[in-house]
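Chemist: Once you've had a glance at the structure underneath, I'll fire off some questions.
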Amino acid sequence: MLKSRILVLGGCGQLGTELVAHLRAQYGAKKVIVSDIKEADDEMMAQGPFEVIDATDYSQIEDVVIQYEITEIYLLAAMLSATGEKFPEKAWQLNMTSLFNVLDLAKDGKIEKVFWPSSIAVFGESTPKNNTPQQTVMEPSTVYGISKLAGERWCEYYHRKYGVDVRSIRYPGLISYKTAPGGGTTDYAVDIFHKALKHDCYVSFLNAQSELPMMYIEDAIRATIAIMNVPRSQIKVHSSYNLAALSFTPEQLAAEIKKHRPDFQISYDPDFRQEIADSWPNSIDDSEARNDWGWEHKFGIEEITEIMLRELGPVYAK
């Protein structure tokens, strides 16, 4: 760990912003190089090394790997589910080319370890909805899900064929107050808090009963760092681990918000994202992650609601 030097590709998104803060606290700011397709805000630019990198450009990544003597890459650059449906070819190009670039760097011995996130989007309508197992039928219906499923198979292939140390988890929907919603189907669970504080009402693009797996961002960060820090021998799944914390519906989340803001109202106007949500699981069996490398979640719906309203409150205070 002491000699690790980390490159985070796509470090300005919802996950990257908070992951970078935790990594820099653990390793030191100078040992965590952040990159994205364009410059970050002034705060992130001032906190440590930052490089503008197109994650689909192998040579740009390689140059930074050599310059900073990078040992590990966290590849977070991706086009998410809802945005990907609007730009399917661009989504496939970004999501797959960036992965091959990083896997090839590891295959050629230029880096030692890779983290690449998958998603519950790898599952489809034929997947068991409840307590979805680690190994099951996977027939994704979105370009995002298709790219993630293909990526999982390539990760396992590079591990088996070339011995690449690549580690991955299938994220559920992530909830954070530090970044704005980023084009995902589960992002209603972030946007709802902004609208509750600003307008005391929210129009959900999913129906009232759309139950989806969710996770508070701090749990996701802990899982990400944990899987990268455990000995290689503890990693038994070389495609991607199921990861879970809790599941809820828009109706249930709205009920929690009303406990804090009694005037809050929710209405429903499902759009194209409803079909995406309908193809995803209601709940996830992540027993293999819990058994193999000790995963445990900490945050439930009550804690998440309280944190989101408290932290976002000053932004909308009159």
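Chain labels run A, B, ... following the order of the structure tokens; each chain numbers its residues from 1, and ligands are numbered from 1 in the order shown.
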Quick check for you: according to DSSP on this backbone, which residues of range 47-183 of chain A are classed as strand (DSSP E)? Reply as a ChimeraX atom specification.
Modeler: /A:50-52,72-75,113-115,118-119,166-167,169-171,173-175
Chemist: Give me the residues near range 12-24 of chain A as a ChimeraX atom specification, where near means some atom within 7 Å (using only C-alpha atoms) and where sequence neighbours in that chain fewer than 5 positions away do not count.
Modeler: /A:29,32,36,40,76,179,221
Chemist: Which residues are near range 91-106 of chain A? Cut-off 10 Å, only C-alpha atoms, ignore same chain within fewer than 4 positions. Put them as a ChimeraX atom specification.
Modeler: /A:9,54-59,61-62,65,71-81,83-87,110-116,143-148,150-151,154-155,158-159,162-166
Chemist: From the options A:Cys201, A:Trp280, A:Gly124, A:Glu43, which residue's atoms come nearest to Asp263 in chain A, counting only C-alpha atoms?
Modeler: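 Comparing A:Cys201, A:Trp280, A:Gly124, A:Glu43 against Asp263 in chain A, the winner is A:Cys201.
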Chemist: DSSP on the backbone: which residues in range 25-142 of chain A end up as alpha helix (DSSP H)? Give the answer as number ranges by chain.
Modeler: A: 25-27, 42-47, 58-68, 81-86, 88-107
Chemist: Restricting the output to N, CA and C atoms, write the selected residues as a compact mmCIF listing (two decimals), in the first residue's frame.
Modeler:
# COMPACT_ATOMS: atom_id res chain seq x y z
N ALA A 25 -6.87 10.83 1.37
CA ALA A 25 -6.72 10.80 2.82
C ALA A 25 -5.90 9.59 3.25
N GLN A 26 -6.03 8.49 2.52
CA GLN A 26 -5.35 7.25 2.87
C GLN A 26 -3.91 7.21 2.37
N TYR A 27 -3.68 7.66 1.12
CA TYR A 27 -2.38 7.50 0.50
C TYR A 27 -1.57 8.79 0.44
N ASP A 42 -12.43 24.21 -9.19
CA ASP A 42 -11.22 24.79 -8.59
C ASP A 42 -10.78 24.02 -7.35
N GLU A 43 -11.75 23.54 -6.57
CA GLU A 43 -11.42 22.85 -5.32
C GLU A 43 -10.63 21.57 -5.60
N MET A 44 -11.12 20.74 -6.52
CA MET A 44 -10.41 19.50 -6.82
C MET A 44 -9.08 19.78 -7.49
N MET A 45 -9.03 20.77 -8.37
CA MET A 45 -7.77 21.09 -9.06
C MET A 45 -6.69 21.51 -8.07
N ALA A 46 -7.11 22.13 -6.96
CA ALA A 46 -6.14 22.62 -5.99
C ALA A 46 -5.69 21.56 -4.99
N GLN A 47 -6.39 20.43 -4.94
CA GLN A 47 -6.13 19.44 -3.89
C GLN A 47 -5.01 18.46 -4.22
N TYR A 58 -5.49 5.48 -25.57
CA TYR A 58 -4.50 4.66 -24.86
C TYR A 58 -3.23 5.45 -24.57
N SER A 59 -2.75 6.19 -25.54
CA SER A 59 -1.47 6.87 -25.39
C SER A 59 -1.54 7.93 -24.29
N GLN A 60 -2.66 8.61 -24.15
CA GLN A 60 -2.80 9.60 -23.09
C GLN A 60 -2.70 8.95 -21.72
N ILE A 61 -3.39 7.81 -21.57
CA ILE A 61 -3.33 7.10 -20.29
C ILE A 61 -1.92 6.60 -20.03
N GLU A 62 -1.32 6.00 -21.03
CA GLU A 62 0.03 5.45 -20.89
C GLU A 62 1.03 6.52 -20.48
N ASP A 63 0.94 7.70 -21.10
CA ASP A 63 1.87 8.78 -20.77
C ASP A 63 1.79 9.15 -19.29
N VAL A 64 0.57 9.23 -18.78
CA VAL A 64 0.39 9.60 -17.36
C VAL A 64 0.87 8.47 -16.46
N VAL A 65 0.61 7.22 -16.85
CA VAL A 65 1.08 6.07 -16.08
C VAL A 65 2.60 6.11 -15.94
N ILE A 66 3.28 6.41 -17.03
CA ILE A 66 4.75 6.48 -17.01
C ILE A 66 5.23 7.68 -16.20
N GLN A 67 4.62 8.83 -16.46
CA GLN A 67 5.04 10.07 -15.79
C GLN A 67 4.96 9.97 -14.28
N TYR A 68 3.87 9.40 -13.76
CA TYR A 68 3.65 9.35 -12.32
C TYR A 68 3.99 7.99 -11.70
N SER A 81 -26.76 4.70 -17.71
CA SER A 81 -27.86 4.00 -18.38
C SER A 81 -28.77 4.90 -19.22
N ALA A 82 -29.35 5.92 -18.59
CA ALA A 82 -30.31 6.75 -19.30
C ALA A 82 -29.65 7.55 -20.42
N THR A 83 -28.48 8.12 -20.14
CA THR A 83 -27.76 8.88 -21.17
C THR A 83 -27.32 7.96 -22.29
N GLY A 84 -26.90 6.75 -21.94
CA GLY A 84 -26.46 5.79 -22.94
C GLY A 84 -27.53 5.41 -23.93
N GLU A 85 -28.79 5.41 -23.50
CA GLU A 85 -29.89 5.09 -24.42
C GLU A 85 -30.09 6.19 -25.46
N LYS A 86 -29.67 7.39 -25.14
CA LYS A 86 -29.76 8.49 -26.10
C LYS A 86 -28.60 8.48 -27.09
N PRO A 88 -26.27 5.54 -27.96
CA PRO A 88 -25.79 4.16 -27.76
C PRO A 88 -24.40 3.88 -28.31
N GLU A 89 -24.08 4.38 -29.50
CA GLU A 89 -22.76 4.11 -30.06
C GLU A 89 -21.65 4.79 -29.26
N LYS A 90 -21.91 6.01 -28.83
CA LYS A 90 -20.93 6.72 -28.01
C LYS A 90 -20.74 6.03 -26.67
N ALA A 91 -21.84 5.52 -26.09
CA ALA A 91 -21.76 4.82 -24.82
C ALA A 91 -20.91 3.56 -24.95
N TRP A 92 -21.16 2.79 -25.99
CA TRP A 92 -20.38 1.57 -26.21
C TRP A 92 -18.90 1.90 -26.42
N GLN A 93 -18.62 2.91 -27.22
CA GLN A 93 -17.24 3.30 -27.51
C GLN A 93 -16.51 3.70 -26.23
N LEU A 94 -17.12 4.56 -25.43
CA LEU A 94 -16.48 5.01 -24.20
C LEU A 94 -16.31 3.86 -23.21
N ASN A 95 -17.39 3.13 -22.97
CA ASN A 95 -17.37 2.13 -21.92
C ASN A 95 -16.43 0.97 -22.23
N MET A 96 -16.35 0.57 -23.49
CA MET A 96 -15.53 -0.59 -23.83
C MET A 96 -14.09 -0.22 -24.15
N THR A 97 -13.88 0.83 -24.92
CA THR A 97 -12.51 1.20 -25.30
C THR A 97 -11.68 1.57 -24.07
N SER A 98 -12.29 2.31 -23.15
CA SER A 98 -11.56 2.68 -21.93
C SER A 98 -11.16 1.44 -21.13
N LEU A 99 -12.05 0.44 -21.08
CA LEU A 99 -11.72 -0.78 -20.34
C LEU A 99 -10.57 -1.53 -21.01
N PHE A 100 -10.62 -1.70 -22.33
CA PHE A 100 -9.54 -2.39 -23.02
C PHE A 100 -8.21 -1.66 -22.81
N ASN A 101 -8.24 -0.34 -22.84
CA ASN A 101 -7.00 0.42 -22.64
C ASN A 101 -6.35 0.07 -21.31
N VAL A 102 -7.16 0.03 -20.26
CA VAL A 102 -6.63 -0.22 -18.93
C VAL A 102 -6.22 -1.68 -18.76
N LEU A 103 -7.05 -2.60 -19.25
CA LEU A 103 -6.68 -4.02 -19.17
C LEU A 103 -5.38 -4.31 -19.92
N ASP A 104 -5.20 -3.66 -21.07
CA ASP A 104 -3.98 -3.89 -21.84
C ASP A 104 -2.75 -3.33 -21.12
N LEU A 105 -2.90 -2.21 -20.44
CA LEU A 105 -1.79 -1.69 -19.65
C LEU A 105 -1.39 -2.68 -18.56
N ALA A 106 -2.39 -3.31 -17.94
CA ALA A 106 -2.10 -4.31 -16.91
C ALA A 106 -1.50 -5.57 -17.52
N LYS A 107 -2.05 -6.01 -18.66
CA LYS A 107 -1.53 -7.21 -19.33
C LYS A 107 -0.06 -7.04 -19.68
Chemist: Within 12 Å of range 293-303 of chain A, counting only C-alpha atoms, which residues qualify if same-chain residues fewer than 5 places away don't, as a PyMOL selection string?
Modeler: chain A and resi 167+169+174-175+189+213-237+241-250+252-260+286-288+308-310
Chemist: Under the rule that only C-alpha atoms are counted, which of A:Phe264, A:Tyr177, A:Tyr171, A:Tyr316 is the nearest residue to Pro117 in chain A?
Modeler: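 For Pro117 in chain A, the nearest of the candidates is A:Tyr171.
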Chemist: Mind checking which residues fall within 7 Å of Pro49 in chain A, counting only C-alpha atoms, ignoring those fewer than 5 positions away in the same chain, and posting them as a list in words?
Modeler: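 Within the cut-off, the hits are Lys30, Ile33 and Val34 of chain A.
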Chemist: What's the separation between CA of Gln209 in chain A and CA of Val315 in chain A, in Å to one decimal place?
Modeler: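 Atom-to-atom, CA of Gln209 in chain A and CA of Val315 in chain A are spaced 29.7 Å apart.
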Chemist: In Å, rounded to a single decimal, give me how far CA of Pro270 in chain A is from CA of Gly313 in chain A.
Modeler: 27.0 Å
